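> The structure file final29.txt (compact mmCIF, N, CA and C atoms and all ligand atoms) is provided below.
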```
# COMPACT_ATOMS: atom_id res chain seq x y z
N MET A 1431 65.41 47.74 34.99
CA MET A 1431 66.31 47.10 34.04
C MET A 1431 66.07 47.71 32.66
N ASN A 1432 67.14 48.13 32.00
CA ASN A 1432 66.96 48.76 30.70
C ASN A 1432 67.60 47.98 29.57
N THR A 1433 67.86 46.72 29.79
CA THR A 1433 68.36 45.84 28.73
C THR A 1433 67.51 44.58 28.73
N LYS A 1434 67.59 43.82 27.64
CA LYS A 1434 66.88 42.55 27.66
C LYS A 1434 67.68 41.55 28.49
N ALA A 1435 66.98 40.54 28.99
CA ALA A 1435 67.61 39.58 29.90
C ALA A 1435 68.87 39.00 29.27
N GLY A 1436 69.93 38.97 30.05
CA GLY A 1436 71.18 38.39 29.59
C GLY A 1436 72.16 39.38 29.01
N ASP A 1437 71.68 40.57 28.64
CA ASP A 1437 72.60 41.58 28.11
C ASP A 1437 73.34 42.27 29.25
N PRO A 1438 74.62 42.56 29.07
CA PRO A 1438 75.30 43.40 30.05
C PRO A 1438 74.63 44.77 30.11
N LEU A 1439 74.70 45.37 31.28
CA LEU A 1439 74.09 46.67 31.53
C LEU A 1439 75.19 47.72 31.64
N ILE A 1440 75.02 48.83 30.99
CA ILE A 1440 75.95 49.95 31.14
C ILE A 1440 75.18 51.09 31.79
N VAL A 1441 75.70 51.58 32.89
CA VAL A 1441 75.03 52.62 33.66
C VAL A 1441 75.80 53.93 33.51
N ASP A 1442 75.12 54.99 33.17
CA ASP A 1442 75.72 56.33 33.10
C ASP A 1442 75.68 56.92 34.51
N SER A 1443 76.73 56.66 35.28
CA SER A 1443 76.69 57.02 36.70
C SER A 1443 76.57 58.53 36.89
N LEU A 1444 77.24 59.30 36.04
CA LEU A 1444 77.23 60.75 36.23
C LEU A 1444 75.94 61.38 35.76
N GLY A 1445 75.17 60.64 34.95
CA GLY A 1445 73.87 61.12 34.53
C GLY A 1445 72.75 60.75 35.49
N MET A 1446 73.09 59.98 36.52
CA MET A 1446 72.11 59.52 37.49
C MET A 1446 71.99 60.55 38.61
N ALA A 1447 70.78 60.91 38.98
CA ALA A 1447 70.59 61.89 40.04
C ALA A 1447 70.96 61.28 41.40
N PRO A 1448 71.78 61.97 42.19
CA PRO A 1448 72.13 61.45 43.51
C PRO A 1448 70.98 61.61 44.50
N LYS A 1449 70.96 60.74 45.50
CA LYS A 1449 69.98 60.85 46.59
C LYS A 1449 70.73 61.11 47.89
N PRO A 1450 70.17 61.92 48.77
CA PRO A 1450 70.83 62.11 50.07
C PRO A 1450 70.93 60.79 50.83
N VAL A 1451 72.03 60.60 51.55
CA VAL A 1451 72.13 59.44 52.44
C VAL A 1451 71.22 59.73 53.64
N ALA A 1452 70.21 58.90 53.81
CA ALA A 1452 69.13 59.20 54.76
C ALA A 1452 69.44 58.77 56.19
N MET A 1453 70.52 58.03 56.40
CA MET A 1453 70.79 57.52 57.76
C MET A 1453 71.10 58.66 58.72
N GLU A 1454 70.61 58.53 59.95
CA GLU A 1454 70.89 59.52 60.98
C GLU A 1454 72.41 59.59 61.22
N GLY A 1455 72.95 60.80 61.30
CA GLY A 1455 74.38 60.97 61.51
C GLY A 1455 75.14 61.25 60.22
N ALA A 1456 74.45 61.16 59.08
CA ALA A 1456 75.10 61.50 57.81
C ALA A 1456 75.05 63.01 57.60
N ARG A 1457 76.09 63.53 56.94
CA ARG A 1457 76.14 64.97 56.66
C ARG A 1457 76.79 65.17 55.30
N GLY A 1458 76.15 65.93 54.44
CA GLY A 1458 76.74 66.26 53.13
C GLY A 1458 77.08 65.02 52.32
N ALA A 1459 76.28 63.97 52.43
CA ALA A 1459 76.57 62.70 51.77
C ALA A 1459 75.44 62.34 50.82
N VAL A 1460 75.80 62.00 49.57
CA VAL A 1460 74.80 61.54 48.61
C VAL A 1460 75.24 60.20 48.03
N ILE A 1461 74.26 59.45 47.53
CA ILE A 1461 74.51 58.12 46.99
C ILE A 1461 73.84 57.98 45.63
N ARG A 1462 74.53 57.29 44.74
CA ARG A 1462 73.93 56.84 43.48
C ARG A 1462 73.99 55.33 43.49
N GLU A 1463 72.84 54.70 43.44
CA GLU A 1463 72.80 53.23 43.43
C GLU A 1463 72.98 52.77 41.99
N LEU A 1464 74.22 52.46 41.61
CA LEU A 1464 74.56 52.21 40.21
C LEU A 1464 73.99 50.89 39.72
N ILE A 1465 74.18 49.83 40.50
CA ILE A 1465 73.72 48.50 40.11
C ILE A 1465 73.13 47.84 41.36
N THR A 1466 71.87 47.41 41.24
CA THR A 1466 71.20 46.79 42.38
C THR A 1466 70.38 45.60 41.89
N ASP A 1467 69.61 45.04 42.81
CA ASP A 1467 68.73 43.93 42.44
C ASP A 1467 67.67 44.39 41.43
N ARG A 1468 67.38 45.69 41.40
CA ARG A 1468 66.41 46.20 40.41
C ARG A 1468 66.92 45.98 38.98
N ASP A 1469 68.24 45.87 38.84
CA ASP A 1469 68.83 45.66 37.52
C ASP A 1469 69.03 44.18 37.22
N GLY A 1470 68.60 43.33 38.15
CA GLY A 1470 68.74 41.90 37.96
C GLY A 1470 70.01 41.33 38.57
N ALA A 1471 70.75 42.15 39.33
CA ALA A 1471 71.98 41.66 39.98
C ALA A 1471 71.59 40.78 41.17
N PRO A 1472 72.00 39.52 41.20
CA PRO A 1472 71.56 38.64 42.27
C PRO A 1472 72.41 38.69 43.54
N THR A 1473 73.65 39.18 43.42
CA THR A 1473 74.60 38.97 44.53
C THR A 1473 75.19 40.26 45.08
N PHE A 1474 75.69 41.15 44.18
CA PHE A 1474 76.39 42.35 44.63
C PHE A 1474 75.68 43.62 44.17
N ALA A 1475 75.71 44.63 45.01
CA ALA A 1475 75.25 45.96 44.63
C ALA A 1475 76.46 46.89 44.61
N MET A 1476 76.48 47.81 43.62
CA MET A 1476 77.54 48.80 43.52
C MET A 1476 76.92 50.18 43.70
N ARG A 1477 77.46 50.93 44.67
CA ARG A 1477 76.95 52.27 44.94
C ARG A 1477 78.09 53.27 44.84
N LEU A 1478 77.78 54.45 44.35
CA LEU A 1478 78.75 55.54 44.27
C LEU A 1478 78.36 56.59 45.31
N PHE A 1479 79.27 56.83 46.25
CA PHE A 1479 79.03 57.84 47.28
C PHE A 1479 79.84 59.09 46.96
N GLU A 1480 79.28 60.22 47.34
CA GLU A 1480 80.00 61.48 47.21
C GLU A 1480 79.77 62.28 48.49
N LEU A 1481 80.86 62.66 49.13
CA LEU A 1481 80.79 63.46 50.35
C LEU A 1481 81.32 64.86 50.06
N ALA A 1482 80.57 65.85 50.42
CA ALA A 1482 81.02 67.23 50.29
C ALA A 1482 82.13 67.50 51.30
N PRO A 1483 82.94 68.55 51.09
CA PRO A 1483 83.92 68.90 52.13
C PRO A 1483 83.25 69.01 53.49
N GLU A 1484 83.87 68.38 54.49
CA GLU A 1484 83.36 68.29 55.87
C GLU A 1484 82.17 67.34 55.99
N GLY A 1485 81.81 66.68 54.91
CA GLY A 1485 80.73 65.70 54.97
C GLY A 1485 81.22 64.37 55.52
N HIS A 1486 80.27 63.55 55.96
CA HIS A 1486 80.62 62.23 56.49
C HIS A 1486 79.41 61.30 56.45
N THR A 1487 79.72 60.01 56.49
CA THR A 1487 78.68 59.00 56.67
C THR A 1487 78.49 58.78 58.17
N PRO A 1488 77.42 58.11 58.57
CA PRO A 1488 77.24 57.83 60.00
C PRO A 1488 78.29 56.84 60.50
N LYS A 1489 78.64 56.94 61.78
CA LYS A 1489 79.47 55.90 62.38
C LYS A 1489 78.54 54.74 62.71
N HIS A 1490 78.84 53.57 62.16
CA HIS A 1490 77.91 52.45 62.32
C HIS A 1490 78.64 51.14 62.05
N SER A 1491 77.93 50.05 62.32
CA SER A 1491 78.43 48.72 61.95
C SER A 1491 77.24 47.85 61.57
N HIS A 1492 77.52 46.75 60.91
CA HIS A 1492 76.48 45.82 60.47
C HIS A 1492 77.15 44.49 60.17
N PRO A 1493 76.38 43.43 60.03
CA PRO A 1493 76.99 42.10 59.87
C PRO A 1493 77.74 41.90 58.56
N HIS A 1494 77.37 42.64 57.49
CA HIS A 1494 78.01 42.40 56.20
C HIS A 1494 79.24 43.29 56.00
N GLU A 1495 80.08 42.88 55.09
CA GLU A 1495 81.30 43.63 54.78
C GLU A 1495 81.02 44.75 53.77
N HIS A 1496 82.00 45.66 53.67
CA HIS A 1496 82.04 46.64 52.58
C HIS A 1496 83.35 46.44 51.82
N GLU A 1497 83.29 46.59 50.50
CA GLU A 1497 84.50 46.73 49.69
C GLU A 1497 84.39 48.07 49.00
N ILE A 1498 85.39 48.91 49.25
CA ILE A 1498 85.32 50.32 48.87
C ILE A 1498 86.55 50.70 48.05
N TYR A 1499 86.33 51.56 47.07
CA TYR A 1499 87.45 52.08 46.26
C TYR A 1499 87.32 53.60 46.19
N ILE A 1500 88.39 54.28 46.57
CA ILE A 1500 88.38 55.74 46.59
C ILE A 1500 88.70 56.26 45.19
N LEU A 1501 87.71 56.91 44.57
CA LEU A 1501 87.87 57.41 43.20
C LEU A 1501 88.53 58.78 43.17
N ALA A 1502 88.20 59.62 44.12
CA ALA A 1502 88.69 61.00 44.10
C ALA A 1502 88.58 61.60 45.48
N GLY A 1503 89.52 62.49 45.77
CA GLY A 1503 89.44 63.25 47.01
C GLY A 1503 90.31 62.69 48.11
N ALA A 1504 90.16 63.28 49.28
CA ALA A 1504 90.92 62.89 50.47
C ALA A 1504 89.95 62.74 51.61
N GLY A 1505 90.18 61.75 52.44
CA GLY A 1505 89.25 61.51 53.53
C GLY A 1505 89.90 60.77 54.68
N GLN A 1506 89.03 60.33 55.56
CA GLN A 1506 89.47 59.60 56.73
C GLN A 1506 88.49 58.48 57.01
N LEU A 1507 89.06 57.31 57.33
CA LEU A 1507 88.27 56.17 57.77
C LEU A 1507 88.30 56.15 59.29
N GLY A 1508 87.16 56.39 59.89
CA GLY A 1508 87.07 56.40 61.35
C GLY A 1508 86.54 55.08 61.85
N GLY A 1509 86.95 54.75 63.08
CA GLY A 1509 86.47 53.52 63.69
C GLY A 1509 87.01 53.42 65.10
N ALA A 1510 86.87 52.25 65.68
CA ALA A 1510 87.28 52.05 67.07
C ALA A 1510 88.77 52.32 67.26
N ALA A 1511 89.58 52.09 66.22
CA ALA A 1511 91.03 52.27 66.33
C ALA A 1511 91.46 53.69 66.01
N GLY A 1512 90.51 54.62 65.80
CA GLY A 1512 90.86 55.99 65.47
C GLY A 1512 90.79 56.23 63.98
N GLY A 1513 91.20 57.44 63.55
CA GLY A 1513 91.08 57.82 62.15
C GLY A 1513 92.29 57.43 61.33
N ARG A 1514 92.06 56.97 60.12
CA ARG A 1514 93.16 56.61 59.21
C ARG A 1514 92.92 57.32 57.88
N PRO A 1515 93.98 57.89 57.29
CA PRO A 1515 93.81 58.69 56.07
C PRO A 1515 93.45 57.83 54.86
N LEU A 1516 92.67 58.42 53.98
CA LEU A 1516 92.28 57.80 52.71
C LEU A 1516 92.58 58.76 51.59
N ARG A 1517 92.98 58.21 50.45
CA ARG A 1517 93.20 59.06 49.27
C ARG A 1517 92.83 58.28 48.02
N GLN A 1518 92.74 59.02 46.92
CA GLN A 1518 92.42 58.45 45.61
C GLN A 1518 93.28 57.23 45.35
N GLY A 1519 92.65 56.15 44.94
CA GLY A 1519 93.37 54.93 44.62
C GLY A 1519 93.38 53.90 45.73
N ASP A 1520 92.99 54.29 46.94
CA ASP A 1520 92.95 53.33 48.04
C ASP A 1520 91.74 52.41 47.90
N ALA A 1521 91.93 51.16 48.23
CA ALA A 1521 90.84 50.19 48.35
C ALA A 1521 90.71 49.83 49.82
N VAL A 1522 89.49 49.69 50.30
CA VAL A 1522 89.24 49.45 51.72
C VAL A 1522 88.33 48.25 51.88
N PHE A 1523 88.73 47.34 52.74
CA PHE A 1523 87.86 46.24 53.14
C PHE A 1523 87.43 46.47 54.58
N VAL A 1524 86.14 46.61 54.79
CA VAL A 1524 85.60 46.74 56.14
C VAL A 1524 84.90 45.42 56.46
N PRO A 1525 85.49 44.60 57.34
CA PRO A 1525 84.84 43.33 57.67
C PRO A 1525 83.50 43.54 58.35
N GLY A 1526 82.64 42.56 58.28
CA GLY A 1526 81.37 42.62 58.98
C GLY A 1526 81.58 42.80 60.48
N GLY A 1527 80.72 43.60 61.11
CA GLY A 1527 80.77 43.79 62.55
C GLY A 1527 81.76 44.82 63.03
N VAL A 1528 82.48 45.47 62.11
CA VAL A 1528 83.51 46.46 62.48
C VAL A 1528 82.93 47.87 62.30
N GLU A 1529 83.03 48.68 63.35
CA GLU A 1529 82.52 50.05 63.28
C GLU A 1529 83.32 50.87 62.28
N HIS A 1530 82.62 51.72 61.51
CA HIS A 1530 83.31 52.50 60.49
C HIS A 1530 82.54 53.78 60.18
N GLN A 1531 83.29 54.76 59.69
CA GLN A 1531 82.72 56.04 59.27
C GLN A 1531 83.67 56.64 58.24
N PHE A 1532 83.12 57.16 57.15
CA PHE A 1532 83.92 57.80 56.13
C PHE A 1532 83.68 59.30 56.20
N ALA A 1533 84.77 60.08 56.19
CA ALA A 1533 84.66 61.53 56.29
C ALA A 1533 85.55 62.17 55.23
N ASN A 1534 85.08 63.28 54.69
CA ASN A 1534 85.87 64.05 53.73
C ASN A 1534 86.74 65.04 54.49
N THR A 1535 88.05 64.94 54.29
CA THR A 1535 88.98 65.87 54.94
C THR A 1535 89.61 66.82 53.93
N GLY A 1536 89.20 66.72 52.67
CA GLY A 1536 89.80 67.54 51.63
C GLY A 1536 88.95 68.76 51.29
N SER A 1537 89.40 69.50 50.28
CA SER A 1537 88.69 70.72 49.88
C SER A 1537 87.73 70.47 48.72
N GLY A 1538 87.82 69.30 48.09
CA GLY A 1538 86.90 68.93 47.01
C GLY A 1538 86.07 67.73 47.42
N PRO A 1539 85.24 67.23 46.50
CA PRO A 1539 84.40 66.07 46.83
C PRO A 1539 85.25 64.82 47.11
N LEU A 1540 84.78 63.99 48.02
CA LEU A 1540 85.34 62.65 48.23
C LEU A 1540 84.37 61.67 47.59
N ARG A 1541 84.85 60.97 46.56
CA ARG A 1541 83.99 60.01 45.85
C ARG A 1541 84.53 58.61 46.03
N PHE A 1542 83.65 57.68 46.34
CA PHE A 1542 84.10 56.28 46.43
C PHE A 1542 82.98 55.34 46.03
N LEU A 1543 83.41 54.19 45.49
CA LEU A 1543 82.50 53.09 45.22
C LEU A 1543 82.41 52.23 46.46
N CYS A 1544 81.22 51.73 46.74
CA CYS A 1544 81.02 50.82 47.87
C CYS A 1544 80.18 49.64 47.40
N LEU A 1545 80.76 48.45 47.49
CA LEU A 1545 80.07 47.23 47.08
C LEU A 1545 79.60 46.46 48.31
N ILE A 1546 78.37 45.99 48.23
CA ILE A 1546 77.78 45.25 49.35
C ILE A 1546 76.98 44.07 48.81
N PRO A 1547 76.71 43.10 49.67
CA PRO A 1547 75.79 42.03 49.27
C PRO A 1547 74.40 42.60 49.03
N ILE A 1548 73.74 42.12 48.00
CA ILE A 1548 72.42 42.62 47.61
C ILE A 1548 71.40 42.57 48.75
N GLU A 1549 71.38 41.51 49.48
CA GLU A 1549 70.27 41.32 50.42
C GLU A 1549 70.45 42.11 51.71
N LYS A 1550 71.59 42.83 51.85
CA LYS A 1550 71.87 43.51 53.11
C LYS A 1550 72.32 44.93 52.84
N LYS A 1551 71.54 45.69 52.11
CA LYS A 1551 71.92 47.06 51.77
C LYS A 1551 71.96 47.95 53.01
N SER A 1552 72.95 48.85 53.02
CA SER A 1552 72.98 49.90 54.05
C SER A 1552 73.90 50.99 53.55
N ALA A 1553 73.97 52.07 54.29
CA ALA A 1553 74.86 53.17 53.91
C ALA A 1553 76.31 52.73 54.09
N ALA A 1554 77.21 53.51 53.54
CA ALA A 1554 78.64 53.17 53.60
C ALA A 1554 79.19 53.38 55.00
ZN ZN A 1601 78.63 50.49 56.54
```
Please express what this file holds, its structure, as C-alpha cells.
Ligand SMILES: [Zn+2]

Amino acid sequence: MNTKAGDPLIVDSLGMAPKPVAMEGARGAVIRELITDRDGAPTFAMRLFELAPEGHTPKHSHPHEHEIYILAGAGQLGGAAGGRPLRQGDAVFVPGGVEHQFANTGSGPLRFLCLIPIEKKSAA
C-alpha cells in the first residue's frame, strides 16, 4: 500500500513490471496485478493481462466468476461451446464453473482487464 489509510490509490499500470502467467497451459501471457488485497482492497482484485500474438491462457474453470474488459487487440474466447471472437471494447462475463480460455488471434498484443473476488485469485 502506498497511500495512507482511506486515501484512494492510483496505480501506474504501465510502469508496473509484468509477471508471466504461471499456470500450466499458458503461453505468451503476462499479468500485472493492479489492485489486490495487498493494497487494502477487501472484495475485488483488478488484473491486467497481456497476451502476445498466438498467446493464450490455460483452458480452465473455477467456482468464481470473471468480469473482463478487452482494452486492445483481437482474440477468441474458447470454451465448451467453441470459440467466439473478441475485440477491443467487448466486456465478458464468465460465470463460475464455466470452462474458458482467452487466446490472441491478432497481430498485436491482446490486453484485457480481469476482475475477480479477492479471496479466490486465479489466472484469467
Ligand atoms: Zn479463469
> Counting only C-alpha atoms and all ligand atoms, which residues of chain A sit at most 12 Å from some atom of ligand ZN 1601 (chain A), and what is each one's closest atom pair with its distance in Å to one decimal, listed by chain and rising residue number, as JSON lines?

```
{"residue": "A:Val1451", "atom": "CA", "partner": "A:ZN1601", "partner_atom": "ZN", "distance": 11.8}
{"residue": "A:Met1453", "atom": "CA", "partner": "A:ZN1601", "partner_atom": "ZN", "distance": 10.6}
{"residue": "A:Ala1456", "atom": "CA", "partner": "A:ZN1601", "partner_atom": "ZN", "distance": 11.6}
{"residue": "A:Arg1477", "atom": "CA", "partner": "A:ZN1601", "partner_atom": "ZN", "distance": 11.9}
{"residue": "A:Phe1479", "atom": "CA", "partner": "A:ZN1601", "partner_atom": "ZN", "distance": 11.8}
{"residue": "A:His1486", "atom": "CA", "partner": "A:ZN1601", "partner_atom": "ZN", "distance": 11.9}
{"residue": "A:Thr1487", "atom": "CA", "partner": "A:ZN1601", "partner_atom": "ZN", "distance": 8.5}
{"residue": "A:Pro1488", "atom": "CA", "partner": "A:ZN1601", "partner_atom": "ZN", "distance": 8.2}
{"residue": "A:Lys1489", "atom": "CA", "partner": "A:ZN1601", "partner_atom": "ZN", "distance": 8.0}
{"residue": "A:His1490", "atom": "CA", "partner": "A:ZN1601", "partner_atom": "ZN", "distance": 6.1}
{"residue": "A:Ser1491", "atom": "CA", "partner": "A:ZN1601", "partner_atom": "ZN", "distance": 5.7}
{"residue": "A:His1492", "atom": "CA", "partner": "A:ZN1601", "partner_atom": "ZN", "distance": 6.5}
{"residue": "A:Pro1493", "atom": "CA", "partner": "A:ZN1601", "partner_atom": "ZN", "distance": 9.2}
{"residue": "A:His1494", "atom": "CA", "partner": "A:ZN1601", "partner_atom": "ZN", "distance": 8.1}
{"residue": "A:Glu1495", "atom": "CA", "partner": "A:ZN1601", "partner_atom": "ZN", "distance": 7.6}
{"residue": "A:His1496", "atom": "CA", "partner": "A:ZN1601", "partner_atom": "ZN", "distance": 6.5}
{"residue": "A:Glu1497", "atom": "CA", "partner": "A:ZN1601", "partner_atom": "ZN", "distance": 9.8}
{"residue": "A:Ile1498", "atom": "CA", "partner": "A:ZN1601", "partner_atom": "ZN", "distance": 10.2}
{"residue": "A:Leu1507", "atom": "CA", "partner": "A:ZN1601", "partner_atom": "ZN", "distance": 11.3}
{"residue": "A:Gly1508", "atom": "CA", "partner": "A:ZN1601", "partner_atom": "ZN", "distance": 11.4}
{"residue": "A:Gly1509", "atom": "CA", "partner": "A:ZN1601", "partner_atom": "ZN", "distance": 11.0}
{"residue": "A:Val1522", "atom": "CA", "partner": "A:ZN1601", "partner_atom": "ZN", "distance": 11.7}
{"residue": "A:Phe1523", "atom": "CA", "partner": "A:ZN1601", "partner_atom": "ZN", "distance": 10.7}
{"residue": "A:Val1524", "atom": "CA", "partner": "A:ZN1601", "partner_atom": "ZN", "distance": 7.9}
{"residue": "A:Pro1525", "atom": "CA", "partner": "A:ZN1601", "partner_atom": "ZN", "distance": 9.5}
{"residue": "A:Gly1526", "atom": "CA", "partner": "A:ZN1601", "partner_atom": "ZN", "distance": 8.7}
{"residue": "A:Gly1527", "atom": "CA", "partner": "A:ZN1601", "partner_atom": "ZN", "distance": 9.3}
{"residue": "A:Val1528", "atom": "CA", "partner": "A:ZN1601", "partner_atom": "ZN", "distance": 8.7}
{"residue": "A:Glu1529", "atom": "CA", "partner": "A:ZN1601", "partner_atom": "ZN", "distance": 7.8}
{"residue": "A:His1530", "atom": "CA", "partner": "A:ZN1601", "partner_atom": "ZN", "distance": 6.4}
{"residue": "A:Gln1531", "atom": "CA", "partner": "A:ZN1601", "partner_atom": "ZN", "distance": 7.4}
{"residue": "A:Phe1532", "atom": "CA", "partner": "A:ZN1601", "partner_atom": "ZN", "distance": 9.0}
{"residue": "A:Cys1544", "atom": "CA", "partner": "A:ZN1601", "partner_atom": "ZN", "distance": 9.0}
{"residue": "A:Leu1545", "atom": "CA", "partner": "A:ZN1601", "partner_atom": "ZN", "distance": 10.1}
{"residue": "A:Ile1546", "atom": "CA", "partner": "A:ZN1601", "partner_atom": "ZN", "distance": 8.9}
{"residue": "A:Pro1547", "atom": "CA", "partner": "A:ZN1601", "partner_atom": "ZN", "distance": 11.5}
{"residue": "A:Lys1550", "atom": "CA", "partner": "A:ZN1601", "partner_atom": "ZN", "distance": 10.3}
{"residue": "A:Lys1551", "atom": "CA", "partner": "A:ZN1601", "partner_atom": "ZN", "distance": 8.9}
{"residue": "A:Ser1552", "atom": "CA", "partner": "A:ZN1601", "partner_atom": "ZN", "distance": 6.2}
{"residue": "A:Ala1553", "atom": "CA", "partner": "A:ZN1601", "partner_atom": "ZN", "distance": 5.3}
{"residue": "A:Ala1554", "atom": "CA", "partner": "A:ZN1601", "partner_atom": "ZN", "distance": 4.0}
```
> Since we have the selection now, will you write its residues out, keeping N, CA and C atoms, as a compact mmCIF listing (two decimals), keeping the file's coordinate frame?

```txt
# COMPACT_ATOMS: atom_id res chain seq x y z
N VAL A 1451 72.03 60.60 51.55
CA VAL A 1451 72.13 59.44 52.44
C VAL A 1451 71.22 59.73 53.64
N MET A 1453 70.52 58.03 56.40
CA MET A 1453 70.79 57.52 57.76
C MET A 1453 71.10 58.66 58.72
N ALA A 1456 74.45 61.16 59.08
CA ALA A 1456 75.10 61.50 57.81
C ALA A 1456 75.05 63.01 57.60
N ARG A 1477 77.46 50.93 44.67
CA ARG A 1477 76.95 52.27 44.94
C ARG A 1477 78.09 53.27 44.84
N PHE A 1479 79.27 56.83 46.25
CA PHE A 1479 79.03 57.84 47.28
C PHE A 1479 79.84 59.09 46.96
N HIS A 1486 80.27 63.55 55.96
CA HIS A 1486 80.62 62.23 56.49
C HIS A 1486 79.41 61.30 56.45
N THR A 1487 79.72 60.01 56.49
CA THR A 1487 78.68 59.00 56.67
C THR A 1487 78.49 58.78 58.17
N PRO A 1488 77.42 58.11 58.57
CA PRO A 1488 77.24 57.83 60.00
C PRO A 1488 78.29 56.84 60.50
N LYS A 1489 78.64 56.94 61.78
CA LYS A 1489 79.47 55.90 62.38
C LYS A 1489 78.54 54.74 62.71
N HIS A 1490 78.84 53.57 62.16
CA HIS A 1490 77.91 52.45 62.32
C HIS A 1490 78.64 51.14 62.05
N SER A 1491 77.93 50.05 62.32
CA SER A 1491 78.43 48.72 61.95
C SER A 1491 77.24 47.85 61.57
N HIS A 1492 77.52 46.75 60.91
CA HIS A 1492 76.48 45.82 60.47
C HIS A 1492 77.15 44.49 60.17
N PRO A 1493 76.38 43.43 60.03
CA PRO A 1493 76.99 42.10 59.87
C PRO A 1493 77.74 41.90 58.56
N HIS A 1494 77.37 42.64 57.49
CA HIS A 1494 78.01 42.40 56.20
C HIS A 1494 79.24 43.29 56.00
N GLU A 1495 80.08 42.88 55.09
CA GLU A 1495 81.30 43.63 54.78
C GLU A 1495 81.02 44.75 53.77
N HIS A 1496 82.00 45.66 53.67
CA HIS A 1496 82.04 46.64 52.58
C HIS A 1496 83.35 46.44 51.82
N GLU A 1497 83.29 46.59 50.50
CA GLU A 1497 84.50 46.73 49.69
C GLU A 1497 84.39 48.07 49.00
N ILE A 1498 85.39 48.91 49.25
CA ILE A 1498 85.32 50.32 48.87
C ILE A 1498 86.55 50.70 48.05
N LEU A 1507 89.06 57.31 57.33
CA LEU A 1507 88.27 56.17 57.77
C LEU A 1507 88.30 56.15 59.29
N GLY A 1508 87.16 56.39 59.89
CA GLY A 1508 87.07 56.40 61.35
C GLY A 1508 86.54 55.08 61.85
N GLY A 1509 86.95 54.75 63.08
CA GLY A 1509 86.47 53.52 63.69
C GLY A 1509 87.01 53.42 65.10
N VAL A 1522 89.49 49.69 50.30
CA VAL A 1522 89.24 49.45 51.72
C VAL A 1522 88.33 48.25 51.88
N PHE A 1523 88.73 47.34 52.74
CA PHE A 1523 87.86 46.24 53.14
C PHE A 1523 87.43 46.47 54.58
N VAL A 1524 86.14 46.61 54.79
CA VAL A 1524 85.60 46.74 56.14
C VAL A 1524 84.90 45.42 56.46
N PRO A 1525 85.49 44.60 57.34
CA PRO A 1525 84.84 43.33 57.67
C PRO A 1525 83.50 43.54 58.35
N GLY A 1526 82.64 42.56 58.28
CA GLY A 1526 81.37 42.62 58.98
C GLY A 1526 81.58 42.80 60.48
N GLY A 1527 80.72 43.60 61.11
CA GLY A 1527 80.77 43.79 62.55
C GLY A 1527 81.76 44.82 63.03
N VAL A 1528 82.48 45.47 62.11
CA VAL A 1528 83.51 46.46 62.48
C VAL A 1528 82.93 47.87 62.30
N GLU A 1529 83.03 48.68 63.35
CA GLU A 1529 82.52 50.05 63.28
C GLU A 1529 83.32 50.87 62.28
N HIS A 1530 82.62 51.72 61.51
CA HIS A 1530 83.31 52.50 60.49
C HIS A 1530 82.54 53.78 60.18
N GLN A 1531 83.29 54.76 59.69
CA GLN A 1531 82.72 56.04 59.27
C GLN A 1531 83.67 56.64 58.24
N PHE A 1532 83.12 57.16 57.15
CA PHE A 1532 83.92 57.80 56.13
C PHE A 1532 83.68 59.30 56.20
N CYS A 1544 81.22 51.73 46.74
CA CYS A 1544 81.02 50.82 47.87
C CYS A 1544 80.18 49.64 47.40
N LEU A 1545 80.76 48.45 47.49
CA LEU A 1545 80.07 47.23 47.08
C LEU A 1545 79.60 46.46 48.31
N ILE A 1546 78.37 45.99 48.23
CA ILE A 1546 77.78 45.25 49.35
C ILE A 1546 76.98 44.07 48.81
N PRO A 1547 76.71 43.10 49.67
CA PRO A 1547 75.79 42.03 49.27
C PRO A 1547 74.40 42.60 49.03
N LYS A 1550 71.59 42.83 51.85
CA LYS A 1550 71.87 43.51 53.11
C LYS A 1550 72.32 44.93 52.84
N LYS A 1551 71.54 45.69 52.11
CA LYS A 1551 71.92 47.06 51.77
C LYS A 1551 71.96 47.95 53.01
N SER A 1552 72.95 48.85 53.02
CA SER A 1552 72.98 49.90 54.05
C SER A 1552 73.90 50.99 53.55
N ALA A 1553 73.97 52.07 54.29
CA ALA A 1553 74.86 53.17 53.91
C ALA A 1553 76.31 52.73 54.09
N ALA A 1554 77.21 53.51 53.54
CA ALA A 1554 78.64 53.17 53.60
C ALA A 1554 79.19 53.38 55.00
```
> For atom CA of Asp1520 of chain A and atom CA of Ala1533 of chain A, quote the distance in Å rounded to one decimal.
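Straight-line distance from atom CA of Asp1520 of chain A to atom CA of Ala1533 of chain A works out to 14.3 Å.
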> I'd like to know which of A:Ala1452, A:Gly1458, A:Leu1516, A:Asp1469 is closest to Gly1485 of chain A, using only N, CA and C atoms.
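Answer, going by the shortest atom-to-atom distance: A:Gly1458.
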> What is the distance between atom CA of Ile1461 of chain A and atom C of Glu1480 of chain A, in Å to one decimal?
6.9 Å
> Taking the chain letters and numbering used in this document, name the residues of chain A that DSSP puts in helix (DSSP H, G or I), as a PyMOL selection string.
chain A and resi 1443-1445+1467-1469+1548-1550
> In the coordinate frame of the file, compute which residues have an atom within 6 Å of (70.7, 45.8, 44.8) when using only C-alpha atoms, and state them as a list in words.
Thr1466, Asp1467, Ala1475 and Ile1548 of chain A
> Would you work out the distance separating atom N of Ser1537 of chain A from atom C of Glu1484 of chain A, expressed in Å to one decimal?
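Going from atom N of Ser1537 of chain A over to atom C of Glu1484 of chain A, I get 9.5 Å.
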> Using only C-alpha atoms, which of the listed residues (A:Pro1448, A:Ile1500, A:Gly1536, A:Met1476) sits closest to Ala1521 of chain A?
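Result for the nearest residue to Ala1521 of chain A: A:Ile1500.
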> Give the strand (DSSP E or B) residues of segment 1437-1523 of chain A, as assigned by DSSP on the backbone, as a ChimeraX atom specification.
/A:1449-1450,1457-1465,1474-1486,1490,1496-1502,1504-1508,1514-1517,1521-1523
> Between A:Ile1440, A:Ile1465, A:Ala1510, A:Val1460, which residue has the minimum interatomic distance to Leu1481 of chain A, considering all atoms listed in the file?
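Once distances to Leu1481 of chain A are computed over all atoms listed in the file, the minimum belongs to A:Val1460.
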